[in-house]
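All remarks here apply to the structure that follows.
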Amino acid sequence: MIDPVRTLLVGVGARGRVWARLLREERLTEVVGYVDLEEENLAHVRDRYGAPSAACFFDLGAALRALRPDLVVLATPPMGRHRQAVLSFEHGAHLLSEKPLALDFGEAIRIVQAAEEAGRALAVAVNFRYQHCVTRARAILRSREIGAPSFARYVYWRNRDGRRPGLNRFPLTMRQPMLYEQTVHHVDEIRFVYDAEVERVWCRCHNPPWSMYRDDATVAAVLELTGGILVSYIGTWSAQTRMTEFVWRTDCEGGALLQRQMFSDLFIARGRDADAAEPVPLPWQEPLVDDARQLLTDVVEQILAGSLHPHPSGVDHLRTLGVIAACEESDRTGRSVAMDELYARHNVPARWLAWTEEGRPAP
Ligand SMILES: NC(=O)c1ccc[n+]([C@@H]2O[C@H](COP(=O)([O-])OP(=O)(O)OC[C@H]3O[C@@H](n4cnc5c(N)ncnc54)[C@H](O)[C@@H]3O)[C@@H](O)[C@H]2O)c1
């Protein structure tokens with residue numbers, strides 16, 4: 001019988017409440033405490049889960065000193081994560097951080113460095129990798145059933161009401177909300193499903209006059225990936241009307257793969273002459289919950305097995321966040337950005353760039 005991993009949850013807002021539920025349901029974790037700046041959020045976990053007052057803190061340092069957790073789950077806004085991460089490592093905890101790891105690429109590198117120096121595990125909650133439509137798409141492309149991917153169109157067209165009760169508020173005023181909060185998931189999916197790395201980025205960001213977001217809520221990018229893959233990406237939170245559209249179509253040597261809803265509806269067209277695509281049967285998942293549940297189990301199992309780079313690792317996340325930073329730079333300069341040049345400018349160690357994660361989660 002394995003002792004559960006003693007876990008501290010930091011941030012009990014919109015996303016933290018999902019983590020509170022998952023951490024309690026996960027047999028490999030035991031929640032030993034909660035941290036939040038707001039009494040109302042700590043009252044939520046006391047009322048809902050019977051958390052004792054002695055397990056609820058306003059300050060991360062105080063919680064770490066009192067509880068000495070094995071694992072910290074960070075579900076705070078992405079501003080100021082470096083301090084929270086370093087404090088967690090200094091107190092001997094492993095870290096599972098919400099995405100994005102930071103809003104600054106240099107800061108993300110320093111967090112990965114700090115984990116390495118402290119000999120602690122660092123994982124990032126890119127839960128989209130654990131959606132059935134994503135793992136299945138990856139498995140189909142890896143099997144070469146319809147040949148190698150060649151080019152793709154990724155369209156995410158959504159009117160996201162950033163003032164809706166129960167949603168976080170910080171994206172309304174942050175820098176580049178679409179890029180750092182949403183496109184980061186999409187770029188991570190693209191890398192993961194194609195098993196390829198982005199080599200060059202061109203990007204323009206935009207904000208329509210009716211946008212409720214202070215900074216750009218639309219991202220248009222062209223990504224060139226290893227294997228000669230070209231991706232045309234457009235994502236927005238400021239669609240006019242309430243008509244949501246999602247399509248991710250990948251054309252391959254011997255057919256095409258299509259995802260027609262944000263979290264489901266995977267279709268495959270086999271053969272060059274196919275004039276219709278057939279559905280790929282997938283089990284049901286509660287979006288953004290069951291995928292995170294699988295990620296949590298996977299990460300904790302790896303930590304228990306002694307891994308310091310549990311998948312999806314902080315090191316791997318640098319290759320997703322690097323693309324997001326490149327998109328922002330391309331928008332600012334009007335030029336395309338070569339990823340190897342961006343990594344060289346940031347002195348990203350070669351061993352991190354050579355890092356490959358085993359192909360988990362299993363299809
Ligand atoms: N992976 C996903 O599917 C997914 C979905 C939603 C949000 N997120 C991510 O989760 C993170 C949190 O987002 P959210 O929607 O919960 O935001 P939120 O604003 O609703 O909640 C953040 C909480 O953190 C608390 N907090 C802020 N600073 C703190 C500090 N220094 N110490 C302790 N608590 C602090 C706030 O009081 C708040 O309760 C973000 O990084 C976001 O991108 C991920």
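Letters for chains follow the order of the structure tokens (A, B, ...), residue numbers begin at 1 for each chain, and ligand numbers begin at 1 in the order shown.
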Fill in: Gln285 in chain A environment, 9 Å, only C-alpha atoms, sequence neighbours closer than 4 positions dropped, as a list in words
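Listed by chain and then number, they are Gln131, His132, Phe263, Ser264, Val289, Asp290 and Asp291 of chain A.
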Next, write the just-selected residues to a file, as an mmCIF file, in the first residue's frame, keeping N, CA and C atoms as the atom set.
data_model
loop_
_atom_site.group_PDB
_atom_site.id
_atom_site.type_symbol
_atom_site.label_atom_id
_atom_site.label_comp_id
_atom_site.auth_asym_id
_atom_site.auth_seq_id
_atom_site.Cartn_x
_atom_site.Cartn_y
_atom_site.Cartn_z
ATOM 1 N N GLN A 131 -7.209 14.680 -23.481
ATOM 2 C CA GLN A 131 -8.547 14.515 -24.074
ATOM 3 C C GLN A 131 -8.504 13.325 -25.029
ATOM 4 N N HIS A 132 -9.576 12.559 -25.055
ATOM 5 C CA HIS A 132 -9.586 11.366 -25.909
ATOM 6 C C HIS A 132 -9.359 11.732 -27.384
ATOM 7 N N PHE A 263 -13.831 19.733 -27.842
ATOM 8 C CA PHE A 263 -13.316 18.650 -27.014
ATOM 9 C C PHE A 263 -13.730 17.266 -27.528
ATOM 10 N N SER A 264 -14.252 17.213 -28.731
ATOM 11 C CA SER A 264 -14.765 15.919 -29.223
ATOM 12 C C SER A 264 -14.906 15.961 -30.741
ATOM 13 N N VAL A 289 -12.173 18.467 -17.007
ATOM 14 C CA VAL A 289 -12.166 17.822 -15.691
ATOM 15 C C VAL A 289 -11.545 16.427 -15.799
ATOM 16 N N ASP A 290 -12.128 15.577 -16.648
ATOM 17 C CA ASP A 290 -11.609 14.205 -16.739
ATOM 18 C C ASP A 290 -10.209 14.167 -17.355
ATOM 19 N N ASP A 291 -9.920 15.114 -18.243
ATOM 20 C CA ASP A 291 -8.561 15.151 -18.803
ATOM 21 C C ASP A 291 -7.564 15.552 -17.702
#
Nearby polymer residues, ligand 1, at most 8 Å, only C-alpha atoms and all ligand atoms, as number ranges by chain: A: 10-17, 35-38, 41, 58-60, 74-78, 80, 84, 97-101, 125-128, 166-170, 180-182, 185, 288-289, 292
Every residue of range 15-112 of chain A that DSSP places in strand (DSSP E or B), as number ranges by chain:
A: 29-35, 56-57, 71-74, 94-98
| request: Any chance you could list, as a ChimeraX atom specification, the residues in range 133-271 of chain A that come up helix (DSSP H, G or I) when DSSP is run on the backbone? | output: /A:133-143,170-172,177-194
Please provide as a ChimeraX atom specification all residues within 12 Å of Arg175 in chain A, with the sequence filter that same-chain residues fewer than 4 positions apart are discarded (counting only C-alpha atoms).
/A:78-79,103-104,170-171,179-181,205,207,213-217,325,328
Distance of CA of Asp3 in chain A from CA of Gly33 in chain A, expressed in Å to one decimal place:
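So the answer is 16.8 Å.
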### Query
Distance CA of Asn159 in chain A-CA of Met262 in chain A, one decimal place?
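CA of Met262 in chain A lies 13.4 Å from CA of Asn159 in chain A.
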Contacts of range 114-123 of chain A at 10 Å or less, counting only C-alpha atoms, minus same-chain residues fewer than 5 places along, as a compact mmCIF listing (two decimals) with all heavy atoms, in the first residue's frame?
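File selection-v7.txt, as written:
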# COMPACT_ATOMS: atom_id res chain seq x y z
N ASP A 70 4.48 17.25 0.21
CA ASP A 70 5.35 16.62 -0.80
C ASP A 70 5.14 17.27 -2.16
O ASP A 70 6.02 17.26 -3.01
CB ASP A 70 5.00 15.13 -0.95
CG ASP A 70 5.11 14.38 0.36
OD1 ASP A 70 6.08 14.63 1.09
OD2 ASP A 70 4.21 13.57 0.66
N LEU A 71 3.94 17.77 -2.36
CA LEU A 71 3.57 18.31 -3.68
C LEU A 71 2.76 19.58 -3.51
O LEU A 71 1.87 19.64 -2.64
CB LEU A 71 2.71 17.27 -4.44
CG LEU A 71 2.10 17.70 -5.77
CD1 LEU A 71 3.19 17.93 -6.83
CD2 LEU A 71 1.11 16.65 -6.28
N VAL A 72 3.08 20.60 -4.32
CA VAL A 72 2.27 21.82 -4.39
C VAL A 72 1.58 21.85 -5.74
O VAL A 72 2.22 21.63 -6.77
CB VAL A 72 3.15 23.08 -4.21
CG1 VAL A 72 2.40 24.35 -4.60
CG2 VAL A 72 3.64 23.19 -2.76
N VAL A 73 0.28 22.07 -5.72
CA VAL A 73 -0.45 22.28 -6.98
C VAL A 73 -0.78 23.77 -7.04
O VAL A 73 -1.45 24.31 -6.16
CB VAL A 73 -1.74 21.43 -7.04
CG1 VAL A 73 -2.57 21.81 -8.27
CG2 VAL A 73 -1.39 19.94 -7.08
N HIS A 82 7.22 32.62 -10.30
CA HIS A 82 8.60 32.29 -9.96
C HIS A 82 8.78 32.21 -8.45
O HIS A 82 9.32 31.25 -7.91
CB HIS A 82 9.56 33.32 -10.58
CG HIS A 82 11.00 33.01 -10.28
ND1 HIS A 82 11.73 33.71 -9.33
CD2 HIS A 82 11.84 32.07 -10.78
CE1 HIS A 82 12.96 33.20 -9.27
NE2 HIS A 82 13.05 32.22 -10.14
N ALA A 85 7.05 29.18 -7.00
CA ALA A 85 7.74 27.93 -7.36
C ALA A 85 8.99 27.76 -6.52
O ALA A 85 9.21 26.70 -5.91
CB ALA A 85 8.08 27.94 -8.85
N VAL A 86 9.80 28.82 -6.44
CA VAL A 86 11.07 28.74 -5.70
C VAL A 86 10.80 28.43 -4.23
O VAL A 86 11.46 27.59 -3.62
CB VAL A 86 11.89 30.03 -5.89
CG1 VAL A 86 13.06 30.09 -4.91
CG2 VAL A 86 12.39 30.11 -7.33
N LEU A 87 9.80 29.10 -3.67
CA LEU A 87 9.43 28.87 -2.27
C LEU A 87 9.03 27.40 -2.07
O LEU A 87 9.44 26.76 -1.09
CB LEU A 87 8.23 29.78 -1.93
CG LEU A 87 8.06 30.29 -0.51
CD1 LEU A 87 9.33 30.93 0.01
CD2 LEU A 87 6.90 31.31 -0.46
N SER A 88 8.28 26.87 -3.01
CA SER A 88 7.85 25.46 -2.90
C SER A 88 9.06 24.53 -2.95
O SER A 88 9.19 23.61 -2.14
CB SER A 88 6.88 25.10 -4.04
OG SER A 88 5.78 25.96 -4.02
N PHE A 89 9.98 24.79 -3.90
CA PHE A 89 11.18 23.93 -4.01
C PHE A 89 12.04 24.05 -2.74
O PHE A 89 12.57 23.06 -2.25
CB PHE A 89 12.01 24.30 -5.24
CG PHE A 89 11.28 24.13 -6.55
CD1 PHE A 89 11.47 25.04 -7.60
CD2 PHE A 89 10.41 23.07 -6.76
CE1 PHE A 89 10.80 24.89 -8.80
CE2 PHE A 89 9.73 22.91 -7.96
CZ PHE A 89 9.94 23.82 -8.98
N GLU A 90 12.16 25.30 -2.24
CA GLU A 90 12.99 25.50 -1.03
C GLU A 90 12.46 24.69 0.15
O GLU A 90 13.21 24.31 1.04
CB GLU A 90 13.01 26.99 -0.65
CG GLU A 90 14.00 27.78 -1.48
CD GLU A 90 13.88 29.29 -1.22
OE1 GLU A 90 13.04 29.72 -0.40
OE2 GLU A 90 14.63 30.03 -1.88
N HIS A 91 11.16 24.46 0.15
CA HIS A 91 10.57 23.68 1.25
C HIS A 91 10.45 22.20 0.88
O HIS A 91 9.72 21.44 1.53
CB HIS A 91 9.21 24.26 1.66
CG HIS A 91 9.36 25.54 2.43
ND1 HIS A 91 9.59 26.76 1.81
CD2 HIS A 91 9.35 25.78 3.76
CE1 HIS A 91 9.70 27.69 2.73
NE2 HIS A 91 9.56 27.13 3.92
N GLY A 92 11.13 21.80 -0.19
CA GLY A 92 11.24 20.38 -0.51
C GLY A 92 10.06 19.80 -1.28
O GLY A 92 9.97 18.58 -1.42
N ALA A 93 9.16 20.67 -1.78
CA ALA A 93 7.98 20.14 -2.48
C ALA A 93 8.22 20.00 -3.98
O ALA A 93 8.97 20.78 -4.57
CB ALA A 93 6.78 21.06 -2.23
N HIS A 94 7.59 18.98 -4.58
CA HIS A 94 7.49 18.91 -6.03
C HIS A 94 6.38 19.89 -6.45
O HIS A 94 5.57 20.30 -5.61
CB HIS A 94 7.14 17.49 -6.47
CG HIS A 94 8.12 16.45 -6.01
ND1 HIS A 94 9.42 16.41 -6.44
CD2 HIS A 94 7.97 15.41 -5.14
CE1 HIS A 94 10.04 15.39 -5.87
NE2 HIS A 94 9.19 14.77 -5.06
N LEU A 95 6.34 20.20 -7.76
CA LEU A 95 5.37 21.21 -8.20
C LEU A 95 4.61 20.76 -9.43
O LEU A 95 5.21 20.30 -10.42
CB LEU A 95 6.12 22.52 -8.52
CG LEU A 95 5.25 23.73 -8.86
CD1 LEU A 95 4.40 24.16 -7.67
CD2 LEU A 95 6.11 24.90 -9.31
N LEU A 96 3.30 20.88 -9.35
CA LEU A 96 2.44 20.75 -10.54
C LEU A 96 1.80 22.12 -10.71
O LEU A 96 1.01 22.55 -9.87
CB LEU A 96 1.37 19.67 -10.32
CG LEU A 96 0.25 19.60 -11.36
CD1 LEU A 96 0.78 19.39 -12.78
CD2 LEU A 96 -0.76 18.50 -11.00
N SER A 97 2.19 22.82 -11.78
CA SER A 97 1.71 24.18 -11.99
C SER A 97 0.68 24.22 -13.10
O SER A 97 0.80 23.53 -14.10
CB SER A 97 2.89 25.09 -12.39
OG SER A 97 2.39 26.36 -12.80
N GLU A 98 -0.32 25.07 -12.91
CA GLU A 98 -1.23 25.36 -14.02
C GLU A 98 -0.45 26.02 -15.15
O GLU A 98 0.65 26.54 -14.95
CB GLU A 98 -2.36 26.29 -13.54
CG GLU A 98 -3.65 25.58 -13.21
CD GLU A 98 -4.23 24.79 -14.39
OE1 GLU A 98 -3.80 24.97 -15.54
OE2 GLU A 98 -5.10 23.95 -14.16
N LYS A 99 -0.99 25.95 -16.33
CA LYS A 99 -0.41 26.63 -17.47
C LYS A 99 -0.87 28.07 -17.46
O LYS A 99 -1.89 28.34 -16.86
CB LYS A 99 -0.79 26.00 -18.81
CG LYS A 99 -2.24 25.59 -19.02
CD LYS A 99 -3.38 26.53 -18.77
CE LYS A 99 -3.60 27.72 -19.63
NZ LYS A 99 -4.90 28.40 -19.37
N LEU A 101 3.26 28.36 -17.52
CA LEU A 101 4.18 28.34 -16.38
C LEU A 101 4.55 29.76 -15.96
O LEU A 101 4.79 30.02 -14.78
CB LEU A 101 5.43 27.53 -16.75
CG LEU A 101 6.45 27.28 -15.64
CD1 LEU A 101 5.82 26.61 -14.43
CD2 LEU A 101 7.60 26.41 -16.16
N ALA A 108 10.07 31.55 -17.01
CA ALA A 108 9.78 30.11 -17.09
C ALA A 108 11.09 29.32 -17.06
O ALA A 108 11.19 28.29 -16.39
CB ALA A 108 8.99 29.81 -18.36
N ILE A 109 12.09 29.81 -17.76
CA ILE A 109 13.40 29.13 -17.76
C ILE A 109 13.96 29.10 -16.34
O ILE A 109 14.47 28.07 -15.88
CB ILE A 109 14.38 29.85 -18.72
CG1 ILE A 109 13.92 29.66 -20.17
CG2 ILE A 109 15.81 29.36 -18.54
CD1 ILE A 109 14.65 30.53 -21.17
N LEU A 295 -4.39 13.49 -16.09
CA LEU A 295 -3.07 14.13 -15.97
C LEU A 295 -2.56 14.01 -14.54
O LEU A 295 -1.41 13.65 -14.30
CB LEU A 295 -3.17 15.60 -16.40
CG LEU A 295 -1.90 16.44 -16.26
CD1 LEU A 295 -1.78 17.45 -17.41
CD2 LEU A 295 -1.83 17.21 -14.94
N LEU A 296 -3.44 14.28 -13.58
CA LEU A 296 -3.03 14.23 -12.17
C LEU A 296 -2.53 12.84 -11.80
O LEU A 296 -1.45 12.69 -11.20
CB LEU A 296 -4.20 14.64 -11.27
CG LEU A 296 -3.96 14.54 -9.77
CD1 LEU A 296 -2.88 15.54 -9.34
CD2 LEU A 296 -5.25 14.79 -8.98
N VAL A 299 0.87 12.19 -13.45
CA VAL A 299 1.98 12.95 -12.85
C VAL A 299 2.34 12.37 -11.48
O VAL A 299 3.52 12.16 -11.17
CB VAL A 299 1.61 14.45 -12.74
CG1 VAL A 299 2.58 15.20 -11.84
CG2 VAL A 299 1.57 15.09 -14.13
N VAL A 300 1.33 12.09 -10.67
CA VAL A 300 1.61 11.59 -9.31
C VAL A 300 2.26 10.21 -9.36
O VAL A 300 3.20 9.93 -8.61
CB VAL A 300 0.32 11.60 -8.45
CG1 VAL A 300 0.58 10.94 -7.11
CG2 VAL A 300 -0.15 13.03 -8.23
N GLN A 302 4.21 9.13 -11.64
CA GLN A 302 5.61 9.32 -12.03
C GLN A 302 6.44 9.88 -10.87
O GLN A 302 7.59 9.48 -10.66
CB GLN A 302 5.69 10.27 -13.23
CG GLN A 302 5.09 9.70 -14.51
CD GLN A 302 5.02 10.77 -15.58
OE1 GLN A 302 6.00 11.08 -16.25
NE2 GLN A 302 3.85 11.36 -15.75
N ILE A 303 5.85 10.80 -10.11
CA ILE A 303 6.57 11.34 -8.95
C ILE A 303 6.84 10.22 -7.95
O ILE A 303 7.96 10.09 -7.43
CB ILE A 303 5.77 12.50 -8.30
CG1 ILE A 303 5.81 13.73 -9.22
CG2 ILE A 303 6.31 12.84 -6.92
CD1 ILE A 303 4.96 14.90 -8.76
N GLY A 306 9.71 8.25 -8.74
CA GLY A 306 11.00 8.93 -8.59
C GLY A 306 11.40 9.81 -9.77
O GLY A 306 12.53 10.30 -9.81
N SER A 307 10.48 10.04 -10.72
CA SER A 307 10.84 10.88 -11.87
C SER A 307 10.93 12.36 -11.48
O SER A 307 10.06 12.88 -10.78
CB SER A 307 9.80 10.73 -12.98
OG SER A 307 10.05 11.69 -13.98
N LEU A 308 11.98 13.05 -11.96
CA LEU A 308 12.09 14.49 -11.73
C LEU A 308 11.57 15.27 -12.94
O LEU A 308 11.50 16.50 -12.92
CB LEU A 308 13.55 14.87 -11.45
CG LEU A 308 14.08 14.40 -10.10
CD1 LEU A 308 15.50 14.91 -9.87
CD2 LEU A 308 13.18 14.82 -8.94
N HIS A 309 11.21 14.56 -13.99
CA HIS A 309 10.63 15.21 -15.17
C HIS A 309 9.34 14.50 -15.55
O HIS A 309 9.23 13.95 -16.64
CB HIS A 309 11.62 15.18 -16.34
CG HIS A 309 12.85 15.98 -16.10
ND1 HIS A 309 12.85 17.35 -16.03
CD2 HIS A 309 14.13 15.60 -15.89
CE1 HIS A 309 14.08 17.79 -15.80
NE2 HIS A 309 14.87 16.75 -15.70
N PRO A 310 8.37 14.52 -14.62
CA PRO A 310 7.13 13.81 -14.96
C PRO A 310 6.45 14.47 -16.16
O PRO A 310 6.38 15.70 -16.24
CB PRO A 310 6.28 13.95 -13.69
CG PRO A 310 6.85 15.11 -12.95
CD PRO A 310 8.30 15.19 -13.31
N HIS A 311 5.96 13.66 -17.05
CA HIS A 311 5.23 14.15 -18.21
C HIS A 311 3.89 14.71 -17.76
O HIS A 311 3.23 14.06 -16.94
CB HIS A 311 5.01 12.98 -19.17
CG HIS A 311 4.04 13.27 -20.25
ND1 HIS A 311 4.43 13.59 -21.53
CD2 HIS A 311 2.69 13.32 -20.25
CE1 HIS A 311 3.35 13.81 -22.27
NE2 HIS A 311 2.29 13.64 -21.52
N PRO A 312 3.41 15.85 -18.21
CA PRO A 312 4.05 16.81 -19.11
C PRO A 312 4.98 17.72 -18.29
O PRO A 312 4.52 18.47 -17.43
CB PRO A 312 2.87 17.61 -19.67
CG PRO A 312 1.61 16.92 -19.15
CD PRO A 312 1.99 16.21 -17.92
N SER A 313 6.25 17.66 -18.61
CA SER A 313 7.25 18.28 -17.75
C SER A 313 7.43 19.78 -18.00
O SER A 313 7.06 20.30 -19.06
CB SER A 313 8.59 17.58 -17.97
OG SER A 313 9.09 17.90 -19.24
N GLY A 314 8.06 20.43 -17.01
CA GLY A 314 8.41 21.84 -17.17
C GLY A 314 9.38 22.05 -18.32
O GLY A 314 9.27 23.02 -19.06
N VAL A 315 10.32 21.11 -18.46
CA VAL A 315 11.29 21.23 -19.55
C VAL A 315 10.55 21.22 -20.90
O VAL A 315 10.78 22.05 -21.76
CB VAL A 315 12.32 20.08 -19.50
CG1 VAL A 315 13.19 20.09 -20.75
CG2 VAL A 315 13.19 20.20 -18.27
N ASP A 316 9.64 20.27 -21.04
CA ASP A 316 8.88 20.18 -22.28
C ASP A 316 8.04 21.45 -22.51
O ASP A 316 7.90 21.93 -23.63
CB ASP A 316 7.96 18.95 -22.25
CG ASP A 316 7.16 18.84 -23.53
OD1 ASP A 316 7.71 18.31 -24.51
OD2 ASP A 316 6.01 19.32 -23.58
N HIS A 317 7.49 21.99 -21.42
CA HIS A 317 6.62 23.17 -21.54
C HIS A 317 7.36 24.37 -22.14
O HIS A 317 6.75 25.23 -22.78
CB HIS A 317 6.06 23.53 -20.17
CG HIS A 317 4.98 24.58 -20.20
ND1 HIS A 317 3.76 24.39 -20.80
CD2 HIS A 317 4.97 25.86 -19.73
CE1 HIS A 317 3.03 25.50 -20.69
NE2 HIS A 317 3.74 26.40 -20.04
